[in-house]
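Text of coords.csv, listed as CSV, C-alpha atoms:
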```
chain,number,residue,atom,x,y,z
A,1306,MET,CA,-91.4,-4.9,-71.1
A,1307,SER,CA,-87.8,-3.7,-71.3
A,1308,THR,CA,-85.0,-5.7,-69.9
A,1309,ALA,CA,-84.2,-3.0,-67.2
A,1310,ILE,CA,-87.8,-3.0,-66.0
A,1311,SER,CA,-88.0,-6.8,-66.0
A,1312,ARG,CA,-84.8,-6.9,-63.9
A,1313,ALA,CA,-86.3,-4.3,-61.5
A,1314,ARG,CA,-89.5,-6.3,-61.1
A,1315,ALA,CA,-87.5,-9.5,-60.4
A,1316,LYS,CA,-85.0,-7.9,-58.0
A,1317,LEU,CA,-87.7,-6.1,-56.0
A,1318,ALA,CA,-90.4,-8.8,-56.3
A,1319,PRO,CA,-91.3,-8.7,-52.6
A,1320,LEU,CA,-91.8,-4.9,-52.7
A,1321,PHE,CA,-94.0,-5.1,-55.8
A,1322,ASP,CA,-96.1,-7.8,-54.2
A,1323,HIS,CA,-96.5,-5.6,-51.1
A,1324,LEU,CA,-97.6,-2.6,-53.2
A,1325,SER,CA,-99.9,-4.5,-55.6
A,1326,PRO,CA,-103.0,-4.5,-53.3
A,1327,PHE,CA,-103.4,-0.7,-53.8
A,1328,LEU,CA,-101.5,0.0,-57.1
A,1329,SER,CA,-102.9,-1.0,-60.5
A,1330,PRO,CA,-100.8,-3.1,-62.9
A,1331,THR,CA,-100.2,0.1,-64.9
A,1332,ASN,CA,-99.0,1.9,-61.8
A,1333,LEU,CA,-96.7,-0.9,-61.0
A,1334,HIS,CA,-95.3,-0.8,-64.5
A,1335,ASN,CA,-94.8,2.9,-64.2
A,1336,LEU,CA,-93.1,2.5,-60.9
A,1337,SER,CA,-90.7,-0.1,-62.4
A,1338,HIS,CA,-89.9,2.5,-65.1
A,1339,ALA,CA,-89.3,5.3,-62.5
A,1340,TYR,CA,-86.9,3.0,-60.6
A,1341,THR,CA,-84.8,2.3,-63.7
A,1342,VAL,CA,-84.3,5.8,-65.3
A,1343,PRO,CA,-82.2,8.7,-64.1
A,1344,ARG,CA,-84.2,11.4,-62.3
A,1345,HIS,CA,-83.9,15.0,-63.5
A,1346,THR,CA,-81.7,17.3,-61.5
A,1347,THR,CA,-83.8,19.9,-59.7
A,1348,PHE,CA,-82.9,22.9,-57.7
A,1349,ARG,CA,-84.3,25.8,-55.7
A,1350,LEU,CA,-83.3,29.4,-56.5
A,1351,ASN,CA,-82.5,30.9,-53.1
A,1352,THR,CA,-84.2,34.3,-53.2
A,1353,LEU,CA,-82.6,35.2,-49.8
A,1354,LYS,CA,-79.2,35.3,-51.7
A,1355,ALA,CA,-80.6,36.4,-55.0
A,1356,ALA,CA,-83.2,38.9,-53.9
A,1357,THR,CA,-83.8,41.0,-57.0
A,1358,ILE,CA,-85.0,40.2,-60.5
A,1359,PRO,CA,-81.6,41.1,-62.1
A,1360,ALA,CA,-79.9,38.9,-59.6
A,1361,THR,CA,-82.2,35.9,-60.2
A,1362,ARG,CA,-81.8,36.3,-64.0
A,1363,GLN,CA,-78.0,36.3,-63.6
A,1364,VAL,CA,-78.0,33.2,-61.4
A,1365,LEU,CA,-80.2,31.3,-64.0
A,1366,SER,CA,-78.0,32.6,-66.8
A,1367,ASP,CA,-74.9,31.3,-65.0
A,1368,VAL,CA,-76.6,27.8,-64.7
A,1369,GLU,CA,-77.6,27.9,-68.4
A,1370,THR,CA,-74.0,28.8,-69.4
A,1371,ALA,CA,-72.7,25.9,-67.5
A,1372,LEU,CA,-75.2,23.5,-69.0
A,1373,SER,CA,-74.3,24.7,-72.5
A,1374,ALA,CA,-70.7,24.0,-71.8
A,1375,LEU,CA,-71.6,20.3,-71.1
A,1376,LYS,CA,-72.6,20.0,-74.8
A,1377,LYS,CA,-75.3,17.4,-74.0
A,1378,LYS,CA,-77.5,15.9,-76.7
A,1379,PRO,CA,-80.2,17.1,-76.6
A,1380,PRO,CA,-79.0,20.4,-75.2
A,1381,ALA,CA,-79.7,20.8,-71.4
A,1382,ARG,CA,-81.8,23.8,-70.4
A,1383,VAL,CA,-83.3,25.2,-67.2
A,1384,LEU,CA,-87.0,24.6,-67.0
A,1385,PRO,CA,-89.4,26.3,-64.5
A,1386,CYS,CA,-91.5,24.3,-62.0
A,1387,PRO,CA,-95.2,24.8,-62.6
A,1388,TRP,CA,-96.1,25.4,-59.0
A,1389,SER,CA,-93.1,27.4,-57.6
A,1390,ARG,CA,-91.4,30.4,-58.9
A,1391,SER,CA,-88.2,29.4,-57.1
A,1392,ALA,CA,-87.9,25.8,-58.3
A,1393,PHE,CA,-86.3,24.6,-61.5
A,1394,MET,CA,-85.3,21.5,-63.4
A,1395,VAL,CA,-82.6,20.6,-65.8
A,1396,SER,CA,-84.2,19.3,-69.0
A,1397,ASN,CA,-81.6,16.6,-69.8
A,1398,ALA,CA,-81.7,13.8,-67.2
A,1399,THR,CA,-78.1,12.8,-67.8
A,1400,VAL,CA,-77.0,16.0,-66.1
A,1401,ALA,CA,-76.2,15.1,-62.5
A,1402,VAL,CA,-75.6,17.3,-59.5
A,1403,ARG,CA,-71.8,16.5,-59.8
A,1404,HIS,CA,-71.8,18.4,-63.1
A,1405,LEU,CA,-73.0,21.6,-61.5
A,1406,GLY,CA,-71.8,21.3,-57.9
A,1407,ALA,CA,-68.7,23.5,-58.5
A,1408,LEU,CA,-70.6,26.4,-59.8
A,1409,PRO,CA,-70.0,29.7,-57.9
A,1410,VAL,CA,-73.7,30.2,-57.6
A,1411,HIS,CA,-74.0,26.9,-55.8
A,1412,LYS,CA,-71.1,27.5,-53.5
A,1413,ALA,CA,-72.4,30.9,-52.7
A,1414,GLY,CA,-75.8,29.4,-51.7
A,1415,GLN,CA,-77.7,31.1,-54.5
A,1416,ILE,CA,-79.0,27.8,-55.7
A,1417,HIS,CA,-79.6,24.6,-53.7
A,1418,PHE,CA,-80.0,21.2,-55.2
A,1419,GLN,CA,-83.2,19.7,-53.8
A,1420,SER,CA,-85.8,17.4,-55.1
A,1421,TRP,CA,-89.1,19.0,-56.0
A,1422,SER,CA,-90.9,16.5,-53.8
A,1423,SER,CA,-88.8,17.5,-50.8
A,1424,MET,CA,-89.9,21.2,-51.3
A,1425,LEU,CA,-93.5,20.2,-50.9
A,1426,ALA,CA,-93.4,19.6,-47.1
A,1427,PRO,CA,-92.5,23.2,-46.0
A,1428,LEU,CA,-94.7,24.7,-48.7
A,1429,CYS,CA,-97.7,22.6,-47.4
A,1430,LEU,CA,-97.0,23.6,-43.8
A,1431,ALA,CA,-96.6,27.4,-44.7
A,1432,PRO,CA,-95.7,28.9,-41.3
A,1433,ASN,CA,-96.5,32.6,-40.8
A,1434,PRO,CA,-93.9,35.3,-40.4
A,1435,GLY,CA,-92.8,35.4,-36.7
A,1436,ASP,CA,-93.8,31.8,-36.0
A,1437,ARG,CA,-91.9,29.4,-33.8
A,1438,VAL,CA,-91.3,26.3,-35.8
A,1439,LEU,CA,-89.8,22.9,-35.0
A,1440,ASP,CA,-88.2,20.7,-37.8
A,1441,MET,CA,-88.0,17.4,-36.0
A,1442,CYS,CA,-85.8,15.4,-38.4
A,1443,ALA,CA,-84.1,18.3,-40.2
A,1444,ALA,CA,-80.9,17.1,-42.0
A,1445,PRO,CA,-79.7,17.9,-44.6
A,1446,GLY,CA,-81.4,21.2,-44.1
A,1447,GLY,CA,-83.0,22.3,-47.3
A,1448,LYS,CA,-86.5,22.3,-45.7
A,1449,SER,CA,-85.3,24.0,-42.6
A,1450,CYS,CA,-83.9,26.9,-44.7
A,1451,MET,CA,-87.3,27.2,-46.5
A,1452,LEU,CA,-89.0,27.4,-43.1
A,1453,ALA,CA,-86.5,30.0,-42.0
A,1454,GLU,CA,-87.3,32.1,-45.1
A,1455,ALA,CA,-91.0,31.8,-44.3
A,1456,VAL,CA,-90.9,32.9,-40.6
A,1457,GLY,CA,-88.4,35.7,-41.3
A,1458,ARG,CA,-86.1,37.6,-38.9
A,1459,HIS,CA,-88.8,37.7,-36.2
A,1460,GLY,CA,-89.4,34.0,-36.2
A,1461,THR,CA,-87.6,31.0,-34.8
A,1462,VAL,CA,-86.7,27.6,-36.3
A,1463,PHE,CA,-85.4,24.8,-34.2
A,1464,ALA,CA,-83.8,22.3,-36.6
A,1465,ASN,CA,-83.3,19.0,-34.9
A,1466,GLU,CA,-81.2,16.0,-36.1
A,1467,ILE,CA,-80.4,12.8,-34.2
A,1468,ASP,CA,-77.2,12.0,-36.1
A,1469,PRO,CA,-74.2,14.2,-35.3
A,1470,GLU,CA,-72.6,13.7,-38.7
A,1471,ARG,CA,-75.8,14.6,-40.5
A,1472,ALA,CA,-76.2,17.6,-38.2
A,1473,LYS,CA,-72.8,18.8,-39.5
A,1474,ARG,CA,-74.2,18.9,-43.0
A,1475,LEU,CA,-77.4,20.6,-41.7
A,1476,LYS,CA,-75.3,23.3,-40.1
A,1477,LYS,CA,-73.2,23.8,-43.3
A,1478,ASN,CA,-76.4,24.3,-45.4
A,1479,VAL,CA,-77.8,26.8,-42.9
A,1480,GLU,CA,-74.4,28.6,-43.0
A,1481,THR,CA,-74.4,28.6,-46.8
A,1482,LEU,CA,-78.0,29.3,-47.7
A,1483,LEU,CA,-79.1,31.9,-45.1
A,1484,PRO,CA,-77.9,35.5,-44.8
A,1485,PRO,CA,-76.9,36.5,-41.3
A,1486,ILE,CA,-80.2,38.2,-40.3
A,1487,ILE,CA,-82.1,35.0,-41.1
A,1488,LYS,CA,-79.4,32.6,-40.0
A,1489,ALA,CA,-79.8,34.0,-36.5
A,1490,VAL,CA,-83.3,32.6,-36.2
A,1491,VAL,CA,-82.2,29.0,-36.8
A,1492,HIS,CA,-81.0,26.9,-33.9
A,1493,VAL,CA,-79.6,23.4,-34.7
A,1494,THR,CA,-80.1,20.8,-32.0
A,1495,VAL,CA,-78.7,17.2,-31.9
A,1496,SER,CA,-81.3,15.0,-30.2
A,1497,ASP,CA,-83.5,12.0,-30.5
A,1498,ALA,CA,-86.7,13.7,-31.6
A,1499,ARG,CA,-88.7,11.1,-29.6
A,1500,LYS,CA,-87.3,12.6,-26.5
A,1501,LEU,CA,-87.8,16.2,-27.2
A,1502,ASN,CA,-89.9,18.2,-24.7
A,1503,LEU,CA,-90.7,21.8,-24.0
A,1504,ALA,CA,-88.3,21.9,-21.0
A,1505,LYS,CA,-85.4,21.3,-23.4
A,1506,GLU,CA,-82.8,24.1,-23.3
A,1507,GLY,CA,-83.9,26.8,-25.7
A,1508,PHE,CA,-87.5,25.7,-26.1
A,1509,THR,CA,-88.4,27.9,-23.0
A,1510,ASN,CA,-91.5,25.8,-22.2
A,1511,VAL,CA,-93.3,27.5,-25.1
A,1512,PRO,CA,-95.2,25.2,-27.5
A,1513,PHE,CA,-94.6,25.6,-31.3
A,1514,ASP,CA,-96.8,27.3,-33.8
A,1515,ALA,CA,-95.9,24.8,-36.4
A,1516,ILE,CA,-94.0,21.5,-36.6
A,1517,LEU,CA,-92.6,19.7,-39.6
A,1518,LEU,CA,-92.1,15.9,-39.2
A,1519,ASP,CA,-90.4,14.7,-42.3
A,1520,ALA,CA,-90.0,11.2,-40.9
A,1521,PRO,CA,-87.3,8.6,-41.5
A,1522,CYS,CA,-88.9,6.0,-43.7
A,1523,SER,CA,-88.2,2.9,-45.9
A,1524,GLY,CA,-87.5,5.1,-48.9
A,1525,GLU,CA,-89.7,3.4,-51.5
A,1526,GLY,CA,-90.2,6.7,-53.3
A,1527,ILE,CA,-86.5,7.3,-54.0
A,1528,ILE,CA,-85.3,3.9,-55.1
A,1529,ASN,CA,-83.0,3.8,-58.2
A,1530,MET,CA,-81.8,0.5,-59.5
A,1531,SER,CA,-78.4,2.0,-60.3
A,1532,GLU,CA,-77.9,2.7,-56.6
A,1533,PRO,CA,-78.2,-0.6,-54.6
A,1534,SER,CA,-77.9,1.3,-51.4
A,1535,SER,CA,-81.4,2.8,-52.1
A,1536,TYR,CA,-83.1,-0.6,-51.9
A,1537,LYS,CA,-80.7,-3.1,-50.3
A,1538,HIS,CA,-82.4,-2.8,-46.8
A,1539,TRP,CA,-86.0,-3.1,-48.0
A,1540,SER,CA,-88.2,-5.8,-46.4
A,1541,LEU,CA,-91.6,-5.9,-44.7
A,1542,ALA,CA,-89.7,-5.9,-41.4
A,1543,TRP,CA,-88.0,-2.7,-42.5
A,1544,VAL,CA,-91.3,-1.1,-43.3
A,1545,GLU,CA,-92.8,-2.2,-39.9
A,1546,LYS,CA,-89.7,-0.9,-38.1
A,1547,HIS,CA,-90.1,2.5,-39.6
A,1548,ALA,CA,-93.8,2.6,-38.9
A,1549,ARG,CA,-93.1,2.0,-35.2
A,1550,LEU,CA,-90.6,4.8,-35.2
A,1551,GLN,CA,-92.9,7.2,-37.1
A,1552,SER,CA,-95.7,6.5,-34.5
A,1553,GLN,CA,-93.3,7.3,-31.7
A,1554,LEU,CA,-92.2,10.6,-33.4
A,1555,LEU,CA,-95.8,11.7,-34.0
A,1556,ALA,CA,-96.7,11.0,-30.4
A,1557,ALA,CA,-93.7,13.0,-29.3
A,1558,ALA,CA,-94.7,15.9,-31.5
A,1559,HIS,CA,-98.2,16.2,-30.1
A,1560,PRO,CA,-97.3,17.9,-26.7
A,1561,LEU,CA,-94.9,20.3,-28.5
A,1562,LEU,CA,-97.6,21.8,-30.7
A,1563,ARG,CA,-99.8,24.7,-29.4
A,1564,PRO,CA,-103.6,24.5,-29.7
A,1565,GLY,CA,-104.4,26.0,-33.1
A,1566,GLY,CA,-101.0,25.1,-34.4
A,1567,HIS,CA,-100.3,23.1,-37.5
A,1568,MET,CA,-98.2,20.0,-38.2
A,1569,VAL,CA,-97.1,18.4,-41.4
A,1570,TYR,CA,-96.2,14.8,-41.5
A,1571,SER,CA,-94.3,13.6,-44.6
A,1572,THR,CA,-92.3,10.7,-45.9
A,1573,CYS,CA,-90.6,9.7,-49.2
A,1574,THR,CA,-92.1,6.2,-49.2
A,1575,LEU,CA,-95.2,4.5,-50.6
A,1576,SER,CA,-96.3,1.9,-48.1
A,1577,PRO,CA,-99.6,2.9,-46.4
A,1578,GLU,CA,-98.2,1.3,-43.2
A,1579,GLU,CA,-95.9,4.3,-43.0
A,1580,ASN,CA,-98.3,6.9,-44.3
A,1581,GLU,CA,-102.1,6.7,-43.9
A,1582,VAL,CA,-102.0,3.9,-41.3
A,1583,VAL,CA,-99.6,5.7,-39.0
A,1584,VAL,CA,-101.6,9.0,-39.3
A,1585,SER,CA,-104.9,7.2,-38.7
A,1586,ARG,CA,-103.7,5.6,-35.5
A,1587,PHE,CA,-102.2,8.9,-34.4
A,1588,LEU,CA,-105.6,10.7,-34.9
A,1589,ALA,CA,-107.4,7.9,-33.1
A,1590,GLU,CA,-105.1,8.4,-30.1
A,1591,PHE,CA,-105.2,12.2,-30.1
A,1592,ALA,CA,-108.7,13.4,-30.5
A,1593,ASP,CA,-107.7,17.0,-30.5
A,1594,MET,CA,-105.9,16.6,-33.8
A,1595,GLU,CA,-107.6,17.0,-37.2
A,1596,ILE,CA,-106.6,16.8,-40.9
A,1597,VAL,CA,-106.9,20.1,-42.7
A,1598,ASP,CA,-106.2,21.4,-46.2
A,1599,LEU,CA,-102.6,21.6,-47.4
A,1600,ALA,CA,-101.4,25.2,-47.4
A,1601,VAL,CA,-100.9,24.9,-51.2
A,1602,PRO,CA,-104.0,23.5,-53.0
A,1603,PHE,CA,-102.4,20.5,-54.6
A,1604,ARG,CA,-105.6,18.5,-53.9
A,1605,SER,CA,-107.9,20.9,-55.7
A,1606,PRO,CA,-109.6,19.6,-58.9
A,1607,ASP,CA,-107.6,22.1,-61.0
A,1608,TRP,CA,-104.3,20.7,-59.7
A,1609,ALA,CA,-105.4,17.1,-60.0
A,1610,SER,CA,-106.3,17.5,-63.6
A,1611,GLN,CA,-102.8,18.9,-64.4
A,1612,TYR,CA,-100.6,16.5,-62.5
A,1613,ALA,CA,-101.4,12.9,-63.1
A,1614,ASN,CA,-98.8,11.7,-60.5
A,1615,PHE,CA,-100.4,13.9,-57.8
A,1616,GLY,CA,-103.2,11.9,-56.0
A,1617,PRO,CA,-105.1,11.8,-52.8
A,1618,GLY,CA,-104.2,9.8,-49.7
A,1619,LEU,CA,-105.9,6.5,-49.3
A,1620,THR,CA,-109.1,6.2,-47.3
A,1621,ALA,CA,-109.2,2.4,-47.4
A,1622,TYR,CA,-106.5,-0.2,-47.2
A,1623,GLY,CA,-107.2,-3.9,-46.6
A,1624,ASP,CA,-108.7,-4.5,-43.2
A,1625,GLU,CA,-107.1,-1.4,-41.6
A,1626,PRO,CA,-109.6,1.4,-40.8
A,1627,LEU,CA,-108.4,4.7,-42.1
A,1628,HIS,CA,-109.4,8.2,-41.2
A,1629,PRO,CA,-112.0,9.4,-43.7
A,1630,GLU,CA,-110.3,12.8,-44.2
A,1631,LEU,CA,-107.1,11.2,-45.5
A,1632,GLY,CA,-108.2,12.0,-49.0
A,1633,MET,CA,-107.0,15.5,-48.1
A,1634,ALA,CA,-103.5,14.2,-48.0
A,1635,LEU,CA,-101.2,14.2,-51.0
A,1636,ARG,CA,-99.5,11.2,-52.6
A,1637,VAL,CA,-96.9,12.0,-55.2
A,1638,PHE,CA,-96.1,9.0,-57.5
A,1639,PRO,CA,-92.4,8.6,-58.5
A,1640,THR,CA,-91.5,9.7,-62.1
A,1641,GLU,CA,-88.4,10.8,-63.9
A,1642,ILE,CA,-89.0,14.2,-62.3
A,1643,TYR,CA,-90.5,13.5,-58.9
A,1644,GLU,CA,-89.5,11.3,-56.0
A,1645,GLY,CA,-92.4,9.4,-54.4
A,1646,PHE,CA,-93.8,11.4,-51.5
A,1647,PHE,CA,-96.6,11.6,-49.0
A,1648,VAL,CA,-97.7,14.7,-47.1
A,1649,VAL,CA,-100.6,15.5,-44.8
A,1650,ARG,CA,-101.3,18.7,-42.8
A,1651,MET,CA,-102.9,18.5,-39.4
A,1652,ARG,CA,-104.1,21.0,-36.8
A,1653,LYS,CA,-104.5,20.8,-33.0
A,1654,ARG,CA,-108.0,22.0,-32.1
A,1655,VAL,CA,-108.2,24.9,-29.7
A,1656,ASN,CA,-111.2,23.4,-27.9
A,1657,LEU,CA,-112.8,20.0,-28.1
```

Written as structure tokens, how would this file's structure read?
Amino acid sequence: MSTAISRARAKLAPLFDHLSPFLSPTNLHNLSHAYTVPRHTTFRLNTLKAATIPATRQVLSDVETALSALKKKPPARVLPCPWSRSAFMVSNATVAVRHLGALPVHKAGQIHFQSWSSMLAPLCLAPNPGDRVLDMCAAPGGKSCMLAEAVGRHGTVFANEIDPERAKRLKKNVETLLPPIIKAVVHVTVSDARKLNLAKEGFTNVPFDAILLDAPCSGEGIINMSEPSSYKHWSLAWVEKHARLQSQLLAAAHPLLRPGGHMVYSTCTLSPEENEVVVSRFLAEFADMEIVDLAVPFRSPDWASQYANFGPGLTAYGDEPLHPELGMALRVFPTEIYEGFFVVRMRKRVNL
């Protein structure tokens, strides 16, 4: 075991003890490794701002030119994502966002630095053109802009954020990433999502076709030992605090969703208390909600055989009864490429 991994295990011993009941020794070792190495820079090609094949080729060429100028060893290249034509990765993990942030294609909104895991939530929700969508905890805005692209100029996206400072960043990303005709469909609100209701100004008492709840969480999927701020708050009490908040947010989302509508719940953490347990309790309380397939078939046998770090949600955890359909959820294990992530898609039944 390397010195860095040993230090991580020692520093985060309570976390590893907490995760050990459902992670194998091999998984725990791999998690230690993921916590100690730099994660590859990933980005989304914004096809709203680079809409033609020549334009996309030029944008990627500009990024390649900038990478070449860095003279990294081994040379840094742009690599495609296997499940999205718009997602890319920088091959050399020592290239950070700060090395590329000044690029004109970034300032113009033609590319957006975003983790591949973060892109999963809007892709798995997949709202239809013309839908009314609510993004309950929207900052910094990458997911909201993906939702706006999906619903198009005849749709509506309410992007809500509780923190006024984070809402400023959300507005800036909407301004940068979306052309005027799509920007017009996005409405940024600053509210505690637990207090949202259909009577809120702008909601017009009309329930939403789709809701994304990418909930605040303890962040176990994004820990990096080189960034103490990513783990300094972690404790079992921290997990439990977030689980209570997540339950409140899910309960608040329920009356906002129309019958037949879909909701995605996601986090960037690993603890079942914030993922499967929260969802199971929500489903037990609201009998008209059901788990359905993700809009992208990440849980199909073909996908599972290709991506070792993509796995099903837990259907058993200690003494806690879990909903039997949670195997349809997706767990993404942290690696040098992916942040840890959980995503499940639900539907409100039309009739019980």

Shell of 12 Å around Ala1542 (chain A), all atoms listed in the file, local chain residues under 2 positions omitted, as a compact mmCIF listing (two decimals) with C-alpha atoms, keeping the file's coordinate frame:
```txt
# COMPACT_ATOMS: atom_id res chain seq x y z
CA PRO A 1319 -91.30 -8.70 -52.60
CA LEU A 1320 -91.80 -4.90 -52.70
CA HIS A 1323 -96.50 -5.60 -51.10
CA SER A 1523 -88.20 2.90 -45.90
CA HIS A 1538 -82.40 -2.80 -46.80
CA TRP A 1539 -86.00 -3.10 -48.00
CA SER A 1540 -88.20 -5.80 -46.40
CA VAL A 1544 -91.30 -1.10 -43.30
CA GLU A 1545 -92.80 -2.20 -39.90
CA LYS A 1546 -89.70 -0.90 -38.10
CA HIS A 1547 -90.10 2.50 -39.60
CA ALA A 1548 -93.80 2.60 -38.90
CA ARG A 1549 -93.10 2.00 -35.20
CA GLU A 1578 -98.20 1.30 -43.20
```

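Across the model, the gap from CA of Pro1343 (chain A) to CA of Arg1636 (chain A) is 20.9 Å.
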
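Taking only C-alpha atoms, the non-local environment of region 1324-1338 of chain A within 8 Å (same-chain residues fewer than 3 positions away omitted) comprises Ile1310, Ala1313, Arg1314, Leu1320, Phe1321, Thr1341, Val1342, Leu1575, Ser1576, Tyr1622, Gly1623, Phe1638, Pro1639 and Thr1640 of chain A.
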
Q.
One number please: CA of Pro1564 (chain A) to CA of Ser1422 (chain A), in Å, one decimal.
A.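 Value for the CA of Pro1564 (chain A)-CA of Ser1422 (chain A) distance: 28.4 Å.
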
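Polymer residues near (-104.6, 21.0, -42.8): counting only C-alpha atoms with a cut-off of 9 Å, they are A:Cys1429, A:Leu1430, A:His1567, A:Met1568, A:Val1569, A:Glu1595, A:Ile1596, A:Val1597, A:Asp1598, A:Leu1599, A:Ala1600, A:Met1633, A:Ala1634, A:Val1649, A:Arg1650, A:Met1651, A:Arg1652.
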
Q) Using only C-alpha atoms, which of the listed residues (A:Thr1620, A:Thr1346, A:Gln1415, A:Thr1494) sits closest to Ala1401 (chain A)? A) A:Thr1346

Q | A:Ala1398, A:Val1364, A:Leu1384, A:Ile1516 ranked by distance to Arg1437 (chain A), top pick (using only C-alpha atoms) | A |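 Closest to Arg1437 (chain A) of all the choices is A:Ile1516.
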
Q: Could you check how far CA of Asn1478 (chain A) sits from CA of Gly1446 (chain A), in Å to one decimal?
A: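 So the answer is 6.0 Å.
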
Residues within 10 Å of Lys1488 (chain A), all atoms listed in the file, excluding chain neighbours under 2 positions, as a tab-separated table (two decimals) with C-alpha atoms, in the coordinates of the input:
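After the write, result_29.tsv holds the following:
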```
chain	number	residue	atom	x	y	z
A	1450	CYS	CA	-83.90	26.90	-44.70
A	1453	ALA	CA	-86.50	30.00	-42.00
A	1454	GLU	CA	-87.30	32.10	-45.10
A	1457	GLY	CA	-88.40	35.70	-41.30
A	1458	ARG	CA	-86.10	37.60	-38.90
A	1461	THR	CA	-87.60	31.00	-34.80
A	1462	VAL	CA	-86.70	27.60	-36.30
A	1479	VAL	CA	-77.80	26.80	-42.90
A	1480	GLU	CA	-74.40	28.60	-43.00
A	1481	THR	CA	-74.40	28.60	-46.80
A	1482	LEU	CA	-78.00	29.30	-47.70
A	1483	LEU	CA	-79.10	31.90	-45.10
A	1484	PRO	CA	-77.90	35.50	-44.80
A	1485	PRO	CA	-76.90	36.50	-41.30
A	1486	ILE	CA	-80.20	38.20	-40.30
A	1490	VAL	CA	-83.30	32.60	-36.20
A	1491	VAL	CA	-82.20	29.00	-36.80
A	1492	HIS	CA	-81.00	26.90	-33.90
```

Q. What lies within 6 Å of region 1469-1474 of chain A using all atoms listed in the file, ignoring chain neighbours under 2 positions off, as a PyMOL selection string?
A. chain A and resi 1444-1445+1466+1476-1477

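If you count only C-alpha atoms and ignore residues fewer than 4 places along the chain from Val1456 (chain A), what sits within 9 Å of it is Ala1431, Pro1432, Asn1433, Pro1434, Gly1435, Asp1436, Arg1437, Val1438, Met1451, Leu1452, Gly1460, Thr1461, Val1462 and Val1490 of chain A.
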
Q: List every protein, DNA or RNA residue that has an atom no more than 10 Å from (-92.9, 5.4, -35.0) in the file's coordinate frame, counting only C-alpha atoms, and report them as a PyMOL selection string.
A: chain A and resi 1499+1520-1522+1545-1557+1579+1583+1587

Please produce a file of those selected residues containing C-alpha atoms, as an mmCIF file, in the frame of the given file.
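Output saved as part.cif:
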```cif
data_model
loop_
_atom_site.group_PDB
_atom_site.id
_atom_site.type_symbol
_atom_site.label_atom_id
_atom_site.label_comp_id
_atom_site.auth_asym_id
_atom_site.auth_seq_id
_atom_site.Cartn_x
_atom_site.Cartn_y
_atom_site.Cartn_z
ATOM 1 C CA ARG A 1499 -88.700 11.100 -29.600
ATOM 2 C CA ALA A 1520 -90.000 11.200 -40.900
ATOM 3 C CA PRO A 1521 -87.300 8.600 -41.500
ATOM 4 C CA CYS A 1522 -88.900 6.000 -43.700
ATOM 5 C CA GLU A 1545 -92.800 -2.200 -39.900
ATOM 6 C CA LYS A 1546 -89.700 -0.900 -38.100
ATOM 7 C CA HIS A 1547 -90.100 2.500 -39.600
ATOM 8 C CA ALA A 1548 -93.800 2.600 -38.900
ATOM 9 C CA ARG A 1549 -93.100 2.000 -35.200
ATOM 10 C CA LEU A 1550 -90.600 4.800 -35.200
ATOM 11 C CA GLN A 1551 -92.900 7.200 -37.100
ATOM 12 C CA SER A 1552 -95.700 6.500 -34.500
ATOM 13 C CA GLN A 1553 -93.300 7.300 -31.700
ATOM 14 C CA LEU A 1554 -92.200 10.600 -33.400
ATOM 15 C CA LEU A 1555 -95.800 11.700 -34.000
ATOM 16 C CA ALA A 1556 -96.700 11.000 -30.400
ATOM 17 C CA ALA A 1557 -93.700 13.000 -29.300
ATOM 18 C CA GLU A 1579 -95.900 4.300 -43.000
ATOM 19 C CA VAL A 1583 -99.600 5.700 -39.000
ATOM 20 C CA PHE A 1587 -102.200 8.900 -34.400
#
```

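The smallest atom-to-atom distance between Arg1563 (chain A) and any of A:Lys1378, A:Arg1604, A:Lys1653, A:Arg1349, using only C-alpha atoms, is found for A:Lys1653.
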